[in-house]
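Colleague: This is data30.txt, which holds compact mmCIF, C-alpha atoms:
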```
# COMPACT_ATOMS: atom_id res chain seq x y z
CA GLN L 1 0.00 0.00 0.00
CA SER L 2 2.86 2.34 0.84
CA SER L 3 4.42 1.67 -2.58
CA LEU L 4 1.07 2.27 -4.29
CA ALA L 5 0.57 5.53 -2.41
CA SER L 6 4.06 6.68 -3.34
CA SER L 7 3.36 5.91 -7.00
CA ILE L 8 0.11 7.88 -6.86
CA TYR L 9 1.81 10.89 -5.23
CA LEU L 10 4.62 10.75 -7.80
CA SER L 11 2.10 10.59 -10.64
CA LEU L 12 0.18 13.56 -9.23
CA PHE L 13 3.42 15.53 -8.83
CA LEU L 14 4.54 14.80 -12.38
CA ASN L 15 1.13 15.72 -13.76
CA ALA L 16 1.14 19.00 -11.84
CA TYR L 17 4.70 19.72 -13.02
CA LEU L 18 3.74 18.93 -16.61
CA ILE L 19 0.71 21.23 -16.48
CA LEU L 20 2.87 24.05 -15.11
CA PHE L 21 5.55 23.32 -17.74
CA LEU L 22 3.02 23.39 -20.58
CA LYS L 23 1.29 26.47 -19.21
CA ILE L 24 4.64 28.31 -19.39
CA TYR L 25 5.09 27.13 -22.99
CA HIS L 26 1.59 28.31 -23.80
CA TYR L 27 2.12 31.67 -22.12
CA ILE L 28 5.31 32.57 -23.97
CA LYS L 29 3.96 31.12 -27.24
CA LEU L 30 6.85 28.78 -28.07
CA PRO L 31 6.12 26.52 -31.09
CA PHE L 32 5.63 23.50 -28.84
CA ILE L 33 2.80 21.95 -30.81
CA PHE L 34 4.77 22.39 -34.05
CA VAL L 35 7.70 20.46 -32.57
CA LEU L 36 5.42 17.61 -31.47
CA GLU L 37 3.82 17.57 -34.91
CA LYS L 38 7.25 17.47 -36.54
CA GLN L 39 8.20 14.52 -34.35
CA LYS L 40 4.95 12.67 -35.03
CA TYR L 41 5.34 12.93 -38.81
CA TYR L 42 9.15 12.76 -39.00
CA LYS L 43 10.24 10.78 -42.06
CA GLY L 44 13.99 10.75 -41.51
CA ASN L 45 16.23 7.70 -41.29
CA PHE L 46 16.16 7.42 -37.51
CA LYS L 47 13.46 6.12 -35.23
CA VAL L 48 11.63 8.61 -33.02
CA PRO L 49 9.65 8.17 -29.80
CA LYS L 50 6.02 7.72 -30.77
CA VAL L 51 3.73 10.69 -30.13
CA PHE L 52 0.38 9.12 -29.28
CA TYR L 53 -1.58 12.37 -29.22
CA PHE L 54 -1.27 16.11 -28.66
CA LYS L 55 -4.11 18.58 -28.36
CA ASN L 56 -5.35 21.78 -26.77
CA THR L 57 -7.43 21.30 -23.66
CA SER L 58 -10.53 23.30 -22.77
CA SER L 59 -8.45 25.27 -20.25
CA GLY L 60 -6.06 26.44 -22.96
CA LEU L 61 -3.20 24.12 -22.02
CA TYR L 62 -1.41 21.63 -24.26
CA SER L 63 -1.82 17.94 -23.55
CA PHE L 64 0.27 15.17 -25.08
CA SER L 65 1.31 11.55 -24.62
CA MET L 66 4.68 10.27 -25.84
CA GLU L 67 6.68 7.04 -25.78
CA TYR L 68 9.63 6.94 -23.35
CA ILE L 69 12.88 5.53 -24.74
CA SER L 70 15.25 4.30 -22.01
CA GLY L 71 18.32 4.56 -24.21
CA GLN L 72 21.80 6.01 -23.77
CA LYS L 73 22.89 9.28 -25.35
CA LEU L 74 25.11 8.62 -28.35
CA SER L 75 27.54 11.24 -27.03
CA ASP L 76 28.12 9.02 -23.96
CA TYR L 77 27.91 5.68 -25.75
CA ILE L 78 30.60 6.32 -28.39
CA SER L 79 33.57 6.38 -25.99
CA THR L 80 33.17 2.63 -25.25
CA ALA L 81 31.55 1.50 -28.51
CA ASP L 82 33.15 -1.44 -30.31
CA MET L 83 33.93 -1.27 -34.02
CA ASP L 84 30.72 -3.08 -34.99
CA SER L 85 28.78 -0.33 -33.24
CA ILE L 86 30.92 2.38 -34.87
CA ASP L 87 30.12 0.76 -38.24
CA LEU L 88 26.41 0.81 -37.39
CA ILE L 89 26.52 4.50 -36.41
CA SER L 90 28.57 5.36 -39.50
CA GLN L 91 26.04 3.67 -41.80
CA LYS L 92 23.19 5.48 -40.09
CA PHE L 93 24.92 8.83 -40.60
CA LYS L 94 25.52 7.91 -44.23
CA SER L 95 21.81 7.22 -44.70
CA ILE L 96 21.09 10.92 -44.06
CA ILE L 97 22.91 11.89 -47.27
CA ILE L 98 20.67 12.45 -50.28
CA GLU L 99 22.28 12.44 -53.71
CA HIS L 100 20.40 14.83 -55.97
CA ASP L 101 20.51 16.78 -59.20
CA ILE L 102 17.97 19.48 -58.36
CA TYR L 103 18.99 22.23 -55.93
CA ASP L 104 16.93 24.85 -54.11
CA ASN L 105 17.06 28.14 -56.03
CA GLU L 106 15.54 30.01 -53.09
CA ALA L 107 18.09 28.80 -50.53
CA ASN L 108 20.58 31.58 -51.23
CA ILE L 109 18.07 34.32 -50.38
CA LYS L 110 16.71 32.53 -47.29
CA ILE L 111 20.11 31.80 -45.82
CA LYS L 112 21.63 35.21 -46.52
CA THR L 113 18.58 36.86 -44.95
CA LYS L 114 19.19 34.77 -41.83
CA ILE L 115 22.89 35.74 -41.84
CA LYS L 116 22.02 39.45 -41.91
CA GLU L 117 19.51 39.04 -39.07
CA LEU L 118 22.08 37.15 -37.02
CA GLN L 119 24.83 39.67 -37.68
CA LYS L 120 22.60 42.50 -36.46
CA LYS L 121 21.64 40.52 -33.36
CA ILE L 122 25.23 39.65 -32.47
CA GLN L 123 26.47 43.21 -33.03
CA THR L 124 23.89 44.34 -30.48
CA ASN L 125 24.56 41.64 -27.87
CA LYS L 126 28.26 41.00 -28.44
CA SER L 127 29.49 44.37 -29.66
CA LYS L 128 32.93 43.91 -28.06
CA TYR L 129 33.59 41.08 -30.52
CA LYS L 130 32.59 43.02 -33.60
CA LYS L 131 36.07 43.00 -35.15
CA GLU L 132 36.62 39.26 -34.52
CA LEU L 133 33.34 38.43 -36.24
CA GLU L 134 34.01 40.33 -39.46
CA THR L 135 35.88 37.44 -41.08
CA PRO L 136 33.28 34.67 -40.53
CA PHE L 137 30.38 36.92 -41.54
CA ASN L 138 32.18 38.11 -44.68
CA LEU L 139 32.84 34.47 -45.57
CA LEU L 140 29.18 33.52 -45.12
CA GLU L 141 27.85 36.55 -46.98
CA LYS L 142 30.08 35.95 -50.00
CA PHE L 143 29.39 32.23 -50.17
CA ASP L 144 27.10 30.94 -52.92
CA TRP L 145 24.62 28.52 -51.33
CA LYS L 146 23.66 27.00 -54.69
CA TYR L 147 24.26 23.39 -53.62
CA CYS L 148 21.53 23.41 -50.98
CA VAL L 149 18.57 21.07 -51.18
CA SER L 150 15.34 21.31 -49.21
CA SER L 151 14.50 18.09 -47.37
CA ASP L 152 13.22 16.61 -44.13
CA CYS L 153 15.34 17.86 -41.24
CA HIS L 154 15.67 17.12 -37.53
CA GLY L 155 16.84 20.65 -36.74
CA ASP L 156 19.28 19.92 -33.89
CA LEU L 157 20.94 16.58 -34.66
CA THR L 158 23.81 16.64 -32.17
CA LEU L 159 24.98 13.42 -30.54
CA GLU L 160 23.18 14.43 -27.34
CA ASN L 161 19.89 14.27 -29.22
CA ILE L 162 20.45 10.73 -30.49
CA LEU L 163 19.70 7.76 -28.23
CA ILE L 164 20.88 4.20 -28.74
CA LYS L 165 18.90 1.26 -27.43
CA GLU L 166 19.46 -2.36 -28.47
CA ARG L 167 21.46 -1.21 -31.53
CA GLU L 168 18.61 1.03 -32.69
CA LEU L 169 19.12 4.80 -32.98
CA TYR L 170 16.36 7.19 -31.92
CA VAL L 171 16.31 10.97 -32.31
CA ILE L 172 14.76 13.26 -29.71
CA ASP L 173 14.18 17.01 -29.26
CA LEU L 174 13.41 17.85 -32.89
CA LEU L 175 13.45 21.60 -33.52
CA ASP L 176 12.08 24.07 -36.00
CA SER L 177 14.78 25.24 -38.42
CA PHE L 178 15.10 28.45 -40.44
CA TYR L 179 15.86 26.16 -43.39
CA ASP L 180 15.03 22.45 -43.63
CA SER L 181 17.80 20.43 -45.24
CA TRP L 182 19.76 17.27 -44.58
CA LEU L 183 22.89 19.41 -44.93
CA ILE L 184 21.95 21.19 -41.69
CA ASP L 185 21.55 17.83 -39.92
CA ILE L 186 25.01 16.74 -41.08
CA ALA L 187 26.43 20.13 -40.02
CA LYS L 188 25.01 19.52 -36.53
CA ILE L 189 26.66 16.10 -36.40
CA PHE L 190 29.94 17.75 -37.41
CA GLN L 191 29.40 20.19 -34.56
CA ASP L 192 30.25 17.20 -32.36
CA LEU L 193 32.62 15.22 -34.60
CA GLU L 194 34.67 18.30 -35.51
CA CYS L 195 34.07 20.78 -32.68
CA LEU L 196 33.26 18.39 -29.80
CA TRP L 197 30.23 20.50 -28.82
CA SER L 198 28.62 17.85 -26.60
CA TYR L 199 31.93 17.48 -24.74
CA ARG L 200 32.72 21.18 -24.27
CA ASN L 201 32.39 20.96 -20.49
CA TYR L 202 34.58 17.88 -20.09
CA ASP L 203 37.76 18.46 -18.07
CA LYS L 204 39.56 16.00 -20.33
CA ILE L 205 38.47 14.10 -23.43
CA ASP L 206 39.56 10.48 -23.51
CA ASP L 207 41.82 9.40 -26.40
CA ASN L 208 39.48 6.49 -27.17
CA LEU L 209 36.61 8.93 -27.60
CA ARG L 210 38.68 11.20 -29.84
CA ALA L 211 39.69 8.23 -32.00
CA ARG L 212 36.11 7.05 -32.47
CA LEU L 213 34.84 10.54 -33.28
CA SER L 214 37.69 10.94 -35.77
CA ILE L 215 36.77 7.66 -37.50
CA LEU L 216 33.13 8.73 -37.79
CA LYS L 217 34.13 12.15 -39.14
CA GLU L 218 36.49 10.76 -41.78
CA ARG L 219 33.95 8.20 -42.97
CA LEU L 220 31.20 10.79 -43.16
CA CYS L 221 33.43 13.18 -45.13
CA ASP L 222 34.30 10.38 -47.56
CA ASP L 223 30.63 9.46 -47.97
CA ILE L 224 29.72 13.06 -48.79
CA ILE L 225 32.60 13.59 -51.22
CA SER L 226 31.63 10.39 -53.07
CA ILE L 227 28.28 11.82 -54.25
CA LYS L 228 27.80 14.09 -57.25
CA ASN L 229 29.16 17.58 -56.45
CA GLY L 230 30.37 16.05 -53.20
CA ARG L 231 33.23 18.46 -52.53
CA GLN L 232 30.98 21.50 -53.03
CA THR L 233 28.35 19.86 -50.81
CA LEU L 234 30.93 19.26 -48.05
CA ILE L 235 32.09 22.88 -48.27
CA THR L 236 28.46 23.99 -47.96
CA ILE L 237 28.00 21.79 -44.88
CA TYR L 238 31.04 23.36 -43.21
CA HIS L 239 29.61 26.82 -43.95
CA PHE L 240 26.41 25.69 -42.22
CA LEU L 241 28.57 24.54 -39.31
CA LEU L 242 30.17 27.98 -39.15
CA LEU L 243 26.71 29.54 -39.17
CA ASN L 244 25.61 27.17 -36.39
CA LEU L 245 28.45 28.31 -34.15
CA LEU L 246 27.62 31.96 -34.76
CA ARG L 247 23.96 31.31 -33.98
CA ILE L 248 24.93 30.03 -30.51
CA LEU L 249 26.78 33.22 -29.58
CA PRO L 250 23.81 35.47 -28.69
CA TYR L 251 22.72 32.93 -26.06
CA THR L 252 26.09 32.37 -24.39
CA LYS L 253 26.53 33.74 -20.88
CA GLU L 254 29.72 32.02 -19.76
CA GLU L 255 33.05 33.40 -20.91
CA SER L 256 34.48 29.89 -21.26
CA THR L 257 31.76 28.98 -23.78
CA GLU L 258 32.38 32.17 -25.74
CA LYS L 259 36.10 31.44 -25.92
CA TYR L 260 35.36 27.89 -27.03
CA ILE L 261 33.07 29.13 -29.83
CA TYR L 262 35.55 31.74 -31.08
CA PHE L 263 38.31 29.13 -31.13
CA GLU L 264 36.14 26.73 -33.13
CA ILE L 265 35.05 29.47 -35.55
CA LYS L 266 38.70 30.12 -36.42
CA ASN L 267 39.30 26.38 -36.73
CA ILE L 268 36.36 25.87 -39.11
CA ILE L 269 37.47 28.79 -41.31
CA GLU L 270 40.88 27.13 -41.70
CA ILE L 271 39.28 23.78 -42.52
CA ILE L 272 37.07 25.39 -45.18
CA LYS L 273 40.20 26.79 -46.85
CA LYS L 274 41.67 23.28 -47.09
CA ILE L 275 38.66 21.35 -48.42
```
Before anything else, please render the file you have as structure tokens.
Modeller:
Amino acid sequence: QSSLASSIYLSLFLNAYLILFLKIYHYIKLPFIFVLEKQKYYKGNFKVPKVFYFKNTSSGLYSFSMEYISGQKLSDYISTADMDSIDLISQKFKSIIIEHDIYDNEANIKIKTKIKELQKKIQTNKSKYKKELETPFNLLEKFDWKYCVSSDCHGDLTLENILIKERELYVIDLLDSFYDSWLIDIAKIFQDLECLWSYRNYDKIDDNLRARLSILKERLCDDIISIKNGRQTLITIYHFLLLNLLRILPYTKEESTEKYIYFEIKNIIEIIKKI
């Protein structure tokens, strides 16, 4: 009876917390329902937790029911993964790539509009770094985004948002994106494989982890280069990665994170020159 009572109290607490959580989302008008809808109808190459329903209640709150996946974050799993598992992950990353002949003619305008908006926002919030940011913004503004393709997109496909359970990969925390493209998903993966974003707060990164991330990065680069216009596509992905890093800046509050981002921005610019 004590165990049953505890379960009931826990359930009531979680329900109350969820109602408060959703009420906050409703109040500040975040696109919560859109994210759930995107997850429900996601057609990417990963599994997603099932969304059983989501709806507005009579009281104006959002109600939803979703499958719980008791998996391990890929960012944690990789450091001890055997080579069979690395092969599995590598093949799953490869499956994101879409070889195509038709590109999005509107991408250039959409992306450059976003770059201008971001530059204005950063100049306001991070004015002391104005000079340091001239180079990356000039690079992005001059770049021709003609090898972009519109496609289904997770929106925030870092290793922290991928779960592994019984050799199956699940994606969580899908986000709205200013531009939907598989190139953006790959750029987010490179944010970890190249920039170690999910490990930025580690005191020390294990050599085994570095080696596995390096293998995944090299294989993914090779897979991209092997498609038609592969080199140009890879260069475009690294420009998206540069844009991703800049988009984080307005939200950084810790000086250590800012320094990390500026270091990686310089690193990515050098890599782009060598591709």
Colleague: Env of Leu118 of chain L: 9 Å cut, atoms = all atoms listed in the file, seq-sep filter 6 positions within chain, self excluded. Answer as a list in words.
Modeller: Leu246, Arg247 and Pro250 of chain L
Colleague: Store the residues picked out above in a file with C-alpha atoms, as an mmCIF file, in the frame of the given file.
Modeller:
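Saved to again-v7.cif:
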```cif
data_model
loop_
_atom_site.group_PDB
_atom_site.id
_atom_site.type_symbol
_atom_site.label_atom_id
_atom_site.label_comp_id
_atom_site.auth_asym_id
_atom_site.auth_seq_id
_atom_site.Cartn_x
_atom_site.Cartn_y
_atom_site.Cartn_z
ATOM 1 C CA LEU L 246 27.620 31.960 -34.760
ATOM 2 C CA ARG L 247 23.960 31.310 -33.980
ATOM 3 C CA PRO L 250 23.810 35.470 -28.690
#
```
Colleague: Just the residues within 9 Å of Val51 of chain L, please, counting all atoms listed in the file, with nothing from its chain fewer than 5 positions along; format it as a list in words.
Modeller: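 Near neighbours after the sequence-gap exclusion: Leu36, Glu37, Gln39, Lys40, Phe64, Ser65, Met66 and Glu67 of chain L.
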Colleague: Nearest residue to Gln72 of chain L out of L:Asp104, L:Asp84, L:Glu168, L:Glu117, using all atoms listed in the file?
Modeller: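 Answer, going by the shortest atom-to-atom distance: L:Glu168.
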Colleague: Restricting the calculation to all atoms listed in the file: of L:Leu174, L:Ile109, L:Ile97, L:Ile189, which residue gets closest to Asn45 of chain L?
Modeller: L:Ile97
Colleague: Work out how far apart atom CA of Leu213 of chain L and atom CA of Asn244 of chain L are and give it in Å to one decimal.
Modeller: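 Computing the Euclidean distance for atom CA of Leu213 of chain L and atom CA of Asn244 of chain L yields 19.3 Å.
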Colleague: One number please: atom CA of Ile268 of chain L to atom CA of Val149 of chain L, in Å, one decimal.
Modeller: 22.0 Å
Colleague: Between atom CA of Leu140 of chain L and atom CA of Tyr262 of chain L, what is the spacing in Å?
Modeller: 15.5 Å
Colleague: Using only C-alpha atoms, pick whichever of L:Glu194, L:Glu264, L:Asp152, L:Asp206 has the shortest atom-to-atom distance to Ile98 of chain L.
Modeller: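 Counting only C-alpha atoms, the residue closest to Ile98 of chain L is L:Asp152.
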